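*Asks:* One structure is given below, represented as structure tokens, and several questions about it will come after.
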Amino acid sequence: MIRIAIIIGSTRPGRKAEAVARWVYDIAAKRSDASFEVVDIADFDLPLLDEPMSPVMGQYTHQHTKTWSAKIASFDAYVFVTPEYNHATSGALKNAIDFLYSEWVNKAAGFVGYGGAGGARAVEQLRLVMAEVQIATVRNQVLLSMFTDFENFSVFKPAPQQEKSVNAMLDQVIAWGSALKTLREKQK
Ligand SMILES: Cc1cc2nc3c(=O)[nH]c(=O)nc-3n(C[C@H](O)[C@H](O)[C@H](O)COP(=O)(O)O)c2cc1C
């Protein structure tokens, strides 16, 4: 069974990301074809990237990088829960991705975005970043609208059909994550 991290992509005080990630986890936890864990970037106290060497070298000097590396390396796939900031993902999530390299390679990912346009532009931008760290991204994604999935644009109240879209995205993440796990094992 593969291990999937549900990554909280905002560190902002008052963030909506945490409620969204916990909702994704509650849906995912009903499944028996993978195991899931919520990973909160805020718990890792990552500064703006402060490693002297490129992460491709894997020569980490700081304890915060080593702790983040060990956590991310322990998963086979990821679900990125991303806000949309200025038509992109958050700086905090991009920075956390930039810290590492080999930990991401040949893994799979799906996205849960939220915003005025369902976070679609943030997710599209994140897909380009994923390509460079060799994460395979699945087509199905969850688009949560500030207009229909958040009461008064603030309290998270997802429309009932969104649970179906979470499971459709997870179906693909689990299939691709399992296939890529086999590939990584063959490459050892
Ligand atoms: C700096 C900033 C830029 C934003 N830009 C966008 C945007 O381009 N598109 C959008 O739909 N919402 C935008 N928003 C609204 C956010 O999607 C909304 O505040 C959301 O709750 C942010 O996620 P978080 O609460 O988990 O941090 C922006 C919010 C901030 C703080």
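Note on naming: chains are A, B, ... as they come in the structure tokens, residues start from 1 per chain, ligands start from 1 in the order shown.
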For region 130-133 of chain A, please output as a list in words all residues within 6 Å (counting only C-alpha atoms; exclusion window: fewer than 3 positions along the same chain).
*Replies:* Tyr101, Val105 and Arg127 of chain A
*Asks:* Residues of the last selection are to be written out with C-alpha atoms, as a PDB file, in the first residue's frame.
*Replies:*
ATOM      1  CA  TYR A 101      14.953  17.338  -5.258  1.00  0.00           C
ATOM      2  CA  VAL A 105      11.595  12.293  -8.160  1.00  0.00           C
ATOM      3  CA  ARG A 127       2.217  21.572 -12.654  1.00  0.00           C
TER       4      ARG A 127
END
*Asks:* Would you list, as a compact mmCIF listing (two decimals) with N, CA and C atoms, in the first residue's frame, the residues of region 54-159 of chain A that end up in strand (DSSP E) under DSSP run on this structure's backbone?
*Replies:*
# COMPACT_ATOMS: atom_id res chain seq x y z
N ALA A 77 3.55 9.46 -2.85
CA ALA A 77 2.74 10.39 -3.65
C ALA A 77 2.27 11.53 -2.76
N TYR A 78 1.78 12.58 -3.40
CA TYR A 78 1.40 13.80 -2.67
C TYR A 78 0.09 14.36 -3.20
N VAL A 79 -0.67 14.94 -2.29
CA VAL A 79 -1.81 15.77 -2.68
C VAL A 79 -1.48 17.17 -2.18
N PHE A 80 -1.31 18.10 -3.12
CA PHE A 80 -0.98 19.47 -2.73
C PHE A 80 -2.28 20.26 -2.59
N VAL A 81 -2.49 20.79 -1.40
CA VAL A 81 -3.64 21.66 -1.16
C VAL A 81 -3.12 23.08 -1.30
N THR A 82 -3.52 23.74 -2.38
CA THR A 82 -2.91 25.04 -2.68
C THR A 82 -3.92 26.18 -2.79
N PRO A 83 -3.59 27.30 -2.13
CA PRO A 83 -4.37 28.52 -2.37
C PRO A 83 -3.90 29.14 -3.69
N LYS A 107 7.68 10.32 -8.27
CA LYS A 107 6.50 10.19 -7.41
C LYS A 107 5.32 10.78 -8.19
N ALA A 108 4.13 10.64 -7.63
CA ALA A 108 2.92 11.15 -8.30
C ALA A 108 2.29 12.24 -7.43
N ALA A 109 1.50 13.11 -8.07
CA ALA A 109 0.79 14.13 -7.29
C ALA A 109 -0.55 14.50 -7.91
N GLY A 110 -1.45 14.89 -7.03
CA GLY A 110 -2.73 15.47 -7.42
C GLY A 110 -2.90 16.79 -6.68
N PHE A 111 -3.91 17.56 -7.07
CA PHE A 111 -4.07 18.91 -6.53
C PHE A 111 -5.48 19.19 -6.04
N VAL A 112 -5.52 19.96 -4.96
CA VAL A 112 -6.78 20.52 -4.48
C VAL A 112 -6.53 22.03 -4.42
N GLY A 113 -7.19 22.79 -5.30
CA GLY A 113 -7.00 24.23 -5.32
C GLY A 113 -8.26 24.93 -4.84
N TYR A 114 -8.08 26.17 -4.38
CA TYR A 114 -9.25 26.97 -3.99
C TYR A 114 -8.96 28.44 -4.24
N GLY A 115 -10.03 29.16 -4.57
CA GLY A 115 -9.89 30.58 -4.87
C GLY A 115 -11.09 31.04 -5.68
N ILE A 135 7.94 14.99 -10.76
CA ILE A 135 6.71 14.44 -10.19
C ILE A 135 5.69 14.35 -11.32
N ALA A 136 5.06 13.18 -11.45
CA ALA A 136 4.02 13.00 -12.46
C ALA A 136 2.69 13.47 -11.88
N THR A 137 2.05 14.40 -12.57
CA THR A 137 0.80 14.96 -12.03
C THR A 137 -0.41 14.36 -12.74
N VAL A 142 -9.23 18.86 -7.84
CA VAL A 142 -10.37 19.38 -7.09
C VAL A 142 -10.29 20.90 -7.12
N LEU A 143 -11.36 21.52 -7.62
CA LEU A 143 -11.41 22.98 -7.74
C LEU A 143 -12.47 23.49 -6.78
N LEU A 144 -12.05 24.14 -5.72
CA LEU A 144 -13.01 24.64 -4.73
C LEU A 144 -13.19 26.14 -4.95
N SER A 145 -14.45 26.54 -5.10
CA SER A 145 -14.74 27.93 -5.41
C SER A 145 -15.06 28.74 -4.16
N PHE A 150 -17.33 28.06 -0.02
CA PHE A 150 -17.01 28.80 1.22
C PHE A 150 -18.17 29.74 1.52
N GLU A 151 -18.75 29.58 2.69
CA GLU A 151 -19.88 30.45 3.07
C GLU A 151 -19.36 31.86 3.30
N VAL A 155 -16.06 30.72 5.48
CA VAL A 155 -16.15 29.43 6.18
C VAL A 155 -16.26 28.29 5.16
N PHE A 156 -15.39 27.31 5.28
CA PHE A 156 -15.34 26.22 4.30
C PHE A 156 -16.55 25.31 4.45
*Asks:* How many Å lie between atom 4 (C, counted along the ligand's line) of ligand 1 and CA of Asn95 (chain A), rounded to one decimal?
*Replies:*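 According to the coordinates, atom 4 (C, counted along the ligand's line) of ligand 1 and CA of Asn95 (chain A) are separated by 16.9 Å.
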*Asks:* Using only C-alpha atoms and all ligand atoms, what are the residues with an atom within 7 Å of ligand 1, set out as a PyMOL selection string?
*Replies:* chain A and resi 10-12+14-18+83-88+114-119
*Asks:* Apply DSSP to the backbone of this structure and, from chain A, keep only the residues in alpha helix (DSSP H); write these as number ranges by chain.
*Replies:* A: 17-28, 63-73, 91-98, 120-132, 162-187
*Asks:* What does the distance from CA of Phe147 (chain A) to CA of Leu126 (chain A) come to in Å, to one decimal?
*Replies:* 22.6 Å
*Asks:* Quick one: which region 95-153 of chain A residues come within 12 Å of region 39-49 of chain A, and what is the nearest atom pair for each with the distance in Å to one decimal, counting only C-alpha atoms, rows ordered by chain and ascending number, as JSON lines?
*Replies:*
{"residue": "A:Asn95", "atom": "CA", "partner": "A:Leu49", "partner_atom": "CA", "distance": 6.4}
{"residue": "A:Ala96", "atom": "CA", "partner": "A:Leu46", "partner_atom": "CA", "distance": 7.1}
{"residue": "A:Ile97", "atom": "CA", "partner": "A:Leu49", "partner_atom": "CA", "distance": 9.8}
{"residue": "A:Asp98", "atom": "CA", "partner": "A:Leu49", "partner_atom": "CA", "distance": 7.3}
{"residue": "A:Phe99", "atom": "CA", "partner": "A:Leu49", "partner_atom": "CA", "distance": 6.2}
{"residue": "A:Leu100", "atom": "CA", "partner": "A:Leu49", "partner_atom": "CA", "distance": 9.9}
*Asks:* Generate a file of the selected residues that holds N, CA, C and O atoms, formatted as a compact mmCIF listing (two decimals), in the first residue's frame.
*Replies:*
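Generated output (part_29.txt):
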# COMPACT_ATOMS: atom_id res chain seq x y z
N ASN A 95 8.60 27.53 -1.95
CA ASN A 95 9.86 27.48 -1.21
C ASN A 95 10.10 26.08 -0.64
O ASN A 95 11.21 25.54 -0.73
N ALA A 96 9.07 25.47 -0.09
CA ALA A 96 9.20 24.13 0.51
C ALA A 96 9.55 23.09 -0.57
O ALA A 96 10.33 22.17 -0.33
N ILE A 97 8.98 23.26 -1.76
CA ILE A 97 9.30 22.35 -2.87
C ILE A 97 10.76 22.55 -3.27
O ILE A 97 11.51 21.59 -3.46
N ASP A 98 11.18 23.82 -3.36
CA ASP A 98 12.54 24.14 -3.84
C ASP A 98 13.64 23.57 -2.94
O ASP A 98 14.76 23.35 -3.41
N PHE A 99 13.35 23.37 -1.66
CA PHE A 99 14.36 22.87 -0.73
C PHE A 99 14.91 21.49 -1.12
O PHE A 99 16.03 21.15 -0.76
N LEU A 100 14.08 20.69 -1.83
CA LEU A 100 14.43 19.28 -2.06
C LEU A 100 14.47 18.95 -3.53
O LEU A 100 14.01 19.72 -4.37
*Asks:* Compare A:Gln161, A:Thr61, A:Ser32, A:Thr89 by their minimum atom-to-atom distance to Ile174 (chain A), counting only C-alpha atoms, and give me the closest one.
*Replies:*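 Result for the nearest residue to Ile174 (chain A): A:Ser32.
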*Asks:* From the list A:Val38, A:Asp50, A:Asn106, A:Gln141, which residue is nearest Gln63 (chain A) when using only C-alpha atoms?
*Replies:*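 Ranked by minimum distance to Gln63 (chain A), first place goes to A:Asp50.
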*Asks:* Ranking A:Phe36, A:Met169, A:Glu103, A:Ser74 by minimum distance to Pro55 (chain A) and counting only C-alpha atoms, which one comes first?
*Replies:*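 Of A:Phe36, A:Met169, A:Glu103, A:Ser74, the one nearest Pro55 (chain A) is A:Glu103, counting only C-alpha atoms.
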